[in-house]
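Undergrad: As input, take coords.pdb (PDB, C-alpha atoms, pLDDT in the B column):
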```pdb
ATOM      1  CA  MET B   1     150.232 135.513 287.812  1.00 65.00           C
ATOM      2  CA  LYS B   2     149.108 135.138 284.209  1.00 76.00           C
ATOM      3  CA  ILE B   3     149.265 131.339 284.381  1.00 80.00           C
ATOM      4  CA  LYS B   4     147.219 131.353 287.577  1.00 78.00           C
ATOM      5  CA  SER B   5     144.533 133.517 285.915  1.00 77.00           C
ATOM      6  CA  ILE B   6     144.420 131.235 282.869  1.00 80.00           C
ATOM      7  CA  PHE B   7     144.147 128.173 285.137  1.00 75.00           C
ATOM      8  CA  ILE B   8     141.249 129.725 287.080  1.00 80.00           C
ATOM      9  CA  LEU B   9     139.536 130.690 283.796  1.00 73.00           C
ATOM     10  CA  ILE B  10     139.862 127.109 282.519  1.00 80.00           C
ATOM     11  CA  ILE B  11     138.346 125.794 285.754  1.00 79.00           C
ATOM     12  CA  PHE B  12     135.408 128.203 285.510  1.00 71.00           C
ATOM     13  CA  LEU B  13     134.804 127.325 281.856  1.00 71.00           C
ATOM     14  CA  GLY B  14     134.897 123.640 282.748  1.00 72.00           C
ATOM     15  CA  MET B  15     132.186 124.168 285.359  1.00 71.00           C
ATOM     16  CA  ILE B  16     129.693 125.650 282.876  1.00 72.00           C
ATOM     17  CA  VAL B  17     126.855 123.214 282.282  1.00 63.00           C
ATOM     18  CA  PRO B  18     125.577 122.955 278.710  1.00 63.00           C
ATOM     19  CA  VAL B  19     121.854 123.425 278.199  1.00 53.00           C
ATOM     20  CA  SER B  20     120.019 121.780 275.357  1.00 49.00           C
ATOM     21  CA  ALA B  21     116.408 122.453 274.566  1.00 46.00           C
ATOM     22  CA  HIS B  22     114.214 121.572 271.638  1.00 46.00           C
ATOM     23  CA  GLY B  23     111.237 123.866 271.719  1.00 46.00           C
ATOM     24  CA  ILE B  24     108.421 124.456 274.131  1.00 47.00           C
ATOM     25  CA  HIS B  25     106.517 121.634 275.741  1.00 48.00           C
ATOM     26  CA  VAL B  26     102.954 121.597 274.461  1.00 51.00           C
ATOM     27  CA  THR B  27     101.413 119.880 277.473  1.00 54.00           C
ATOM     28  CA  PRO B  28     102.385 120.352 281.120  1.00 55.00           C
ATOM     29  CA  ASP B  29     104.299 117.584 282.895  1.00 53.00           C
ATOM     30  CA  SER B  30     101.398 117.185 285.318  1.00 55.00           C
ATOM     31  CA  ALA B  31      99.167 115.906 282.501  1.00 64.00           C
ATOM     32  CA  THR B  32      99.987 112.208 282.659  1.00 79.00           C
ATOM     33  CA  MET B  33      97.070 110.937 280.562  1.00 86.00           C
ATOM     34  CA  ILE B  34      96.347 112.855 277.395  1.00 89.00           C
ATOM     35  CA  VAL B  35      94.357 112.479 274.208  1.00 91.00           C
ATOM     36  CA  ILE B  36      95.824 113.715 270.941  1.00 92.00           C
ATOM     37  CA  GLY B  37      92.975 115.098 268.895  1.00 90.00           C
ATOM     38  CA  ASP B  38      92.158 117.698 266.301  1.00 89.00           C
ATOM     39  CA  ASN B  39      89.213 120.102 266.109  1.00 85.00           C
ATOM     40  CA  SER B  40      86.590 117.526 265.177  1.00 84.00           C
ATOM     41  CA  SER B  41      87.755 114.470 267.133  1.00 87.00           C
ATOM     42  CA  GLY B  42      88.826 116.471 270.180  1.00 87.00           C
ATOM     43  CA  ILE B  43      85.290 117.676 270.874  1.00 88.00           C
ATOM     44  CA  LEU B  44      83.922 114.124 270.855  1.00 89.00           C
ATOM     45  CA  ALA B  45      86.806 112.898 273.038  1.00 89.00           C
ATOM     46  CA  LYS B  46      86.239 115.705 275.566  1.00 90.00           C
ATOM     47  CA  LYS B  47      82.544 114.804 275.752  1.00 90.00           C
ATOM     48  CA  LEU B  48      83.397 111.152 276.418  1.00 89.00           C
ATOM     49  CA  VAL B  49      86.041 112.032 279.031  1.00 89.00           C
ATOM     50  CA  ASP B  50      83.455 114.119 280.861  1.00 89.00           C
ATOM     51  CA  GLU B  51      80.840 111.339 280.570  1.00 90.00           C
ATOM     52  CA  LEU B  52      83.213 108.725 281.973  1.00 88.00           C
ATOM     53  CA  ARG B  53      84.521 111.171 284.611  1.00 88.00           C
ATOM     54  CA  LEU B  54      88.161 110.345 283.878  1.00 87.00           C
ATOM     55  CA  ASN B  55      91.204 112.415 284.743  1.00 87.00           C
ATOM     56  CA  VAL B  56      92.324 112.654 281.114  1.00 87.00           C
ATOM     57  CA  THR B  57      93.229 115.874 279.320  1.00 87.00           C
ATOM     58  CA  VAL B  58      92.227 116.330 275.682  1.00 89.00           C
ATOM     59  CA  TYR B  59      94.482 118.466 273.494  1.00 88.00           C
ATOM     60  CA  ASN B  60      93.666 119.724 270.014  1.00 88.00           C
ATOM     61  CA  PHE B  61      96.934 119.699 268.104  1.00 88.00           C
ATOM     62  CA  LYS B  62      97.421 121.832 265.022  1.00 87.00           C
ATOM     63  CA  SER B  63     100.317 120.093 263.246  1.00 88.00           C
ATOM     64  CA  ASP B  64     102.266 116.874 262.891  1.00 89.00           C
ATOM     65  CA  ALA B  65     105.337 118.615 264.304  1.00 88.00           C
ATOM     66  CA  ASP B  66     103.543 119.411 267.583  1.00 88.00           C
ATOM     67  CA  VAL B  67     102.394 115.797 267.869  1.00 90.00           C
ATOM     68  CA  SER B  68     105.916 114.491 267.210  1.00 89.00           C
ATOM     69  CA  HIS B  69     107.283 116.875 269.796  1.00 87.00           C
ATOM     70  CA  GLU B  70     104.775 115.679 272.401  1.00 87.00           C
ATOM     71  CA  LEU B  71     105.541 112.047 271.636  1.00 88.00           C
ATOM     72  CA  GLU B  72     109.254 112.729 272.141  1.00 88.00           C
ATOM     73  CA  HIS B  73     108.465 114.006 275.631  1.00 84.00           C
ATOM     74  CA  ALA B  74     106.711 110.721 276.354  1.00 84.00           C
ATOM     75  CA  LEU B  75     110.062 108.983 275.854  1.00 85.00           C
ATOM     76  CA  GLY B  76     111.509 110.796 278.865  1.00 82.00           C
ATOM     77  CA  ASN B  77     108.435 110.621 281.084  1.00 82.00           C
ATOM     78  CA  PRO B  78     107.523 107.017 281.943  1.00 83.00           C
ATOM     79  CA  ASP B  79     104.262 108.159 283.565  1.00 83.00           C
ATOM     80  CA  LYS B  80     102.815 109.792 280.438  1.00 87.00           C
ATOM     81  CA  LYS B  81     100.093 107.766 278.701  1.00 90.00           C
ATOM     82  CA  ILE B  82      98.693 108.915 275.369  1.00 91.00           C
ATOM     83  CA  LEU B  83      95.646 108.024 273.292  1.00 92.00           C
ATOM     84  CA  ALA B  84      95.903 109.264 269.704  1.00 92.00           C
ATOM     85  CA  ILE B  85      92.640 109.698 267.837  1.00 92.00           C
ATOM     86  CA  ALA B  86      94.078 112.148 265.304  1.00 91.00           C
ATOM     87  CA  TYR B  87      97.428 112.336 263.515  1.00 92.00           C
ATOM     88  CA  GLN B  88      97.499 108.543 263.498  1.00 91.00           C
ATOM     89  CA  ASP B  89     100.103 108.298 260.738  1.00 93.00           C
ATOM     90  CA  THR B  90     102.528 110.400 262.766  1.00 92.00           C
ATOM     91  CA  VAL B  91     101.895 108.349 265.908  1.00 92.00           C
ATOM     92  CA  ASN B  92     102.229 105.008 264.091  1.00 93.00           C
ATOM     93  CA  GLU B  93     105.493 106.166 262.525  1.00 94.00           C
ATOM     94  CA  PHE B  94     106.759 107.192 265.965  1.00 93.00           C
ATOM     95  CA  LEU B  95     105.722 103.843 267.452  1.00 93.00           C
ATOM     96  CA  SER B  96     107.520 101.940 264.705  1.00 93.00           C
ATOM     97  CA  LYS B  97     110.736 103.793 265.613  1.00 93.00           C
ATOM     98  CA  ASN B  98     110.174 103.521 269.399  1.00 91.00           C
ATOM     99  CA  PRO B  99     108.410 100.218 270.178  1.00 90.00           C
ATOM    100  CA  ASP B 100     109.374 100.435 273.865  1.00 90.00           C
ATOM    101  CA  VAL B 101     106.609 103.013 274.481  1.00 89.00           C
ATOM    102  CA  SER B 102     103.882 101.031 272.730  1.00 88.00           C
ATOM    103  CA  ASN B 103     102.498  99.974 276.119  1.00 89.00           C
ATOM    104  CA  ARG B 104     101.759 103.658 276.941  1.00 89.00           C
ATOM    105  CA  ILE B 105     100.831 105.154 273.567  1.00 91.00           C
ATOM    106  CA  PHE B 106      97.662 103.878 271.955  1.00 92.00           C
ATOM    107  CA  VAL B 107      96.046 104.642 268.597  1.00 92.00           C
ATOM    108  CA  SER B 108      92.277 104.668 268.174  1.00 90.00           C
ATOM    109  CA  SER B 109      89.882 105.570 265.421  1.00 89.00           C
ATOM    110  CA  ALA B 110      87.730 108.650 265.883  1.00 85.00           C
ATOM    111  CA  SER B 111      84.474 106.715 266.396  1.00 89.00           C
ATOM    112  CA  GLU B 112      82.653 107.126 269.692  1.00 89.00           C
ATOM    113  CA  ASN B 113      82.886 103.455 270.691  1.00 91.00           C
ATOM    114  CA  ASP B 114      86.620 103.183 269.868  1.00 91.00           C
ATOM    115  CA  ILE B 115      87.435 106.381 271.761  1.00 89.00           C
ATOM    116  CA  LYS B 116      85.500 105.124 274.793  1.00 91.00           C
ATOM    117  CA  ASN B 117      87.373 101.795 274.721  1.00 90.00           C
ATOM    118  CA  GLY B 118      90.670 103.628 274.273  1.00 88.00           C
ATOM    119  CA  LEU B 119      89.967 105.898 277.240  1.00 88.00           C
ATOM    120  CA  ILE B 120      89.153 102.913 279.433  1.00 88.00           C
ATOM    121  CA  LEU B 121      92.372 101.197 278.279  1.00 88.00           C
ATOM    122  CA  LEU B 122      94.335 104.382 278.961  1.00 84.00           C
ATOM    123  CA  ASN B 123      92.859 104.649 282.447  1.00 83.00           C
ATOM    124  CA  THR B 124      93.478 100.999 283.384  1.00 83.00           C
ATOM    125  CA  THR B 125      97.049 100.734 282.062  1.00 76.00           C
ATOM    126  CA  LYS B 126      99.624 101.058 284.812  1.00 70.00           C
ATOM    127  CA  SER B 127     102.739 103.077 284.082  1.00 60.00           C
ATOM    128  CA  LYS B 128     106.190 102.062 285.272  1.00 57.00           C
ATOM    129  CA  ASN B 129     106.190 104.285 288.367  1.00 54.00           C
ATOM    130  CA  GLU B 130     102.617 103.437 289.402  1.00 51.00           C
ATOM    131  CA  ASN B 131     103.638  99.849 290.131  1.00 48.00           C
ATOM    132  CA  THR B 132     106.387 100.750 292.579  1.00 53.00           C
ATOM    133  CA  GLY B 133     105.863 101.297 296.292  1.00 54.00           C
ATOM    134  CA  TRP B 134     105.933 105.053 296.682  1.00 62.00           C
ATOM    135  CA  PHE B 135     105.868 104.981 300.486  1.00 71.00           C
ATOM    136  CA  LEU B 136     108.799 102.733 301.336  1.00 77.00           C
ATOM    137  CA  THR B 137     111.603 104.678 299.625  1.00 79.00           C
ATOM    138  CA  PRO B 138     110.960 108.081 301.244  1.00 82.00           C
ATOM    139  CA  PHE B 139     110.311 106.372 304.582  1.00 83.00           C
ATOM    140  CA  LEU B 140     113.638 104.537 304.541  1.00 84.00           C
ATOM    141  CA  ALA B 141     115.458 107.663 303.338  1.00 86.00           C
ATOM    142  CA  GLY B 142     113.927 109.614 306.242  1.00 87.00           C
ATOM    143  CA  ILE B 143     115.015 106.975 308.730  1.00 90.00           C
ATOM    144  CA  LEU B 144     118.562 107.031 307.330  1.00 89.00           C
ATOM    145  CA  VAL B 145     118.822 110.822 307.408  1.00 89.00           C
ATOM    146  CA  GLY B 146     117.313 110.955 310.901  1.00 88.00           C
ATOM    147  CA  ALA B 147     119.740 108.323 312.189  1.00 90.00           C
ATOM    148  CA  MET B 148     122.724 110.182 310.708  1.00 89.00           C
ATOM    149  CA  ILE B 149     121.645 113.503 312.194  1.00 90.00           C
ATOM    150  CA  GLY B 150     120.812 111.856 315.524  1.00 88.00           C
ATOM    151  CA  LEU B 151     124.164 110.073 315.756  1.00 87.00           C
ATOM    152  CA  SER B 152     126.053 113.235 314.803  1.00 86.00           C
ATOM    153  CA  PHE B 153     124.175 115.333 317.362  1.00 85.00           C
ATOM    154  CA  GLY B 154     124.563 112.635 320.017  1.00 84.00           C
ATOM    155  CA  THR B 155     128.310 112.407 319.423  1.00 83.00           C
ATOM    156  CA  PHE B 156     128.663 116.176 319.580  1.00 80.00           C
ATOM    157  CA  TRP B 157     126.567 116.330 322.778  1.00 81.00           C
ATOM    158  CA  MET B 158     128.514 113.543 324.500  1.00 82.00           C
ATOM    159  CA  LYS B 159     131.883 115.147 323.658  1.00 79.00           C
ATOM    160  CA  ARG B 160     130.692 118.449 325.060  1.00 77.00           C
ATOM    161  CA  LYS B 161     129.328 116.822 328.178  1.00 72.00           C
ATOM    162  CA  ILE B 162     132.544 114.875 328.828  1.00 71.00           C
ATOM    163  CA  SER B 163     134.814 117.906 328.399  1.00 61.00           C
TER     164      SER B 163
END
```
Would you mind writing the file out in structure tokens?
TA:
Amino acid sequence: MKIKSIFILIIFLGMIVPVSAHGIHVTPDSATMIVIGDNSSGILAKKLVDELRLNVTVYNFKSDADVSHELEHALGNPDKKILAIAYQDTVNEFLSKNPDVSNRIFVSSASENDIKNGLILLNTTKSKNENTGWFLTPFLAGILVGAMIGLSFGTFWMKRKIS
């Protein structure tokens, strides 16, 4: 009886899933195009985003640690595109360590013309998932699931009808 209890306890402990977290996420996952700014550059960037009528969110970060944390989230989200007009040293250091995201993370000076060009570049750059056909995969999955359910129901119905 004791061995059985220990065996069940080991099985339950083996089924526990570890959770790892590294702080709160500064920006929501729905914000796919963001501008990293500070108090002075963020105001100008927000004005330009509104002028150009782009779907870009401007965030005023307070520290290098928050910027680094946000950039780390961009590693896991291939849809996130970032324009950095502040904390450029932190962003350049991150890009030197992670060159694979350099096609989605851009650095711009805080001048009006450079921010405008950076916003246009951010808006025209396609992310990895934007290039794929979003309709075909769910459509084919729906056909497959429907066929499996239909065949199962048809088999069940025919066996009942025959008996």
Undergrad: Carefully work through the PyMOL selection byres ((chain B and resi 96-110) around 7) for this structure and note down the residues it includes, as a list in words.
TA: Ser41, Lys81, Ile82, Leu83, Ala84, Ile85, Gln88, Asn92, Glu93, Phe94, Leu95, Ser111, Glu112, Asp114, Ile115 and Gly118 of chain B
Undergrad: Using all atoms listed in the file, find the one residue out of B:Leu9, B:Ile149, B:Lys46, B:Tyr87 that sits nearest to Val58 in chain B.
TA: B:Lys46
Undergrad: For Ser68 in chain B, which of B:Ala147, B:Phe153, B:Thr90, B:Ile11 is the closest residue, counting only C-alpha atoms?
TA: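 So, comparing all the options, the nearest one is B:Thr90.
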Undergrad: On this file, the PyMOL selection byres ((chain B and resi 79) around 6) gives some set of residues; write that set as a ChimeraX atom specification.
TA: /B:32,77-78,80,127
Undergrad: Starting from the shown file, work through the PyMOL selection byres ((chain B and resi 119) around 9) and note down what comes out as an MDAnalysis selection string.
TA: chainID B and resid 35 45 48:49 52 54 56 83 114:118 120:124
Undergrad: For CA of Leu144 in chain B and CA of Arg160 in chain B, determine how far apart the two atoms are, in Å to one decimal place.
TA: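 Interatomic distance, CA of Leu144 in chain B to CA of Arg160 in chain B: 24.3 Å.
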Undergrad: State, in Å with one decimal place, the distance from CA of Glu72 in chain B to CA of Thr137 in chain B.
TA: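 CA of Glu72 in chain B sits 28.7 Å away from CA of Thr137 in chain B.
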Undergrad: So how far away is CA of Ile36 in chain B from CA of Leu71 in chain B, in Å?
TA: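 Those two atoms sit 9.9 Å apart.
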Undergrad: From the set B:Thr125, B:Thr155, B:Asn60, B:Asn113, which residue has the shortest atom-to-atom contact distance to Asp38 in chain B, counting only C-alpha atoms?
TA: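 Comparing B:Thr125, B:Thr155, B:Asn60, B:Asn113 against Asp38 in chain B, the winner is B:Asn60.
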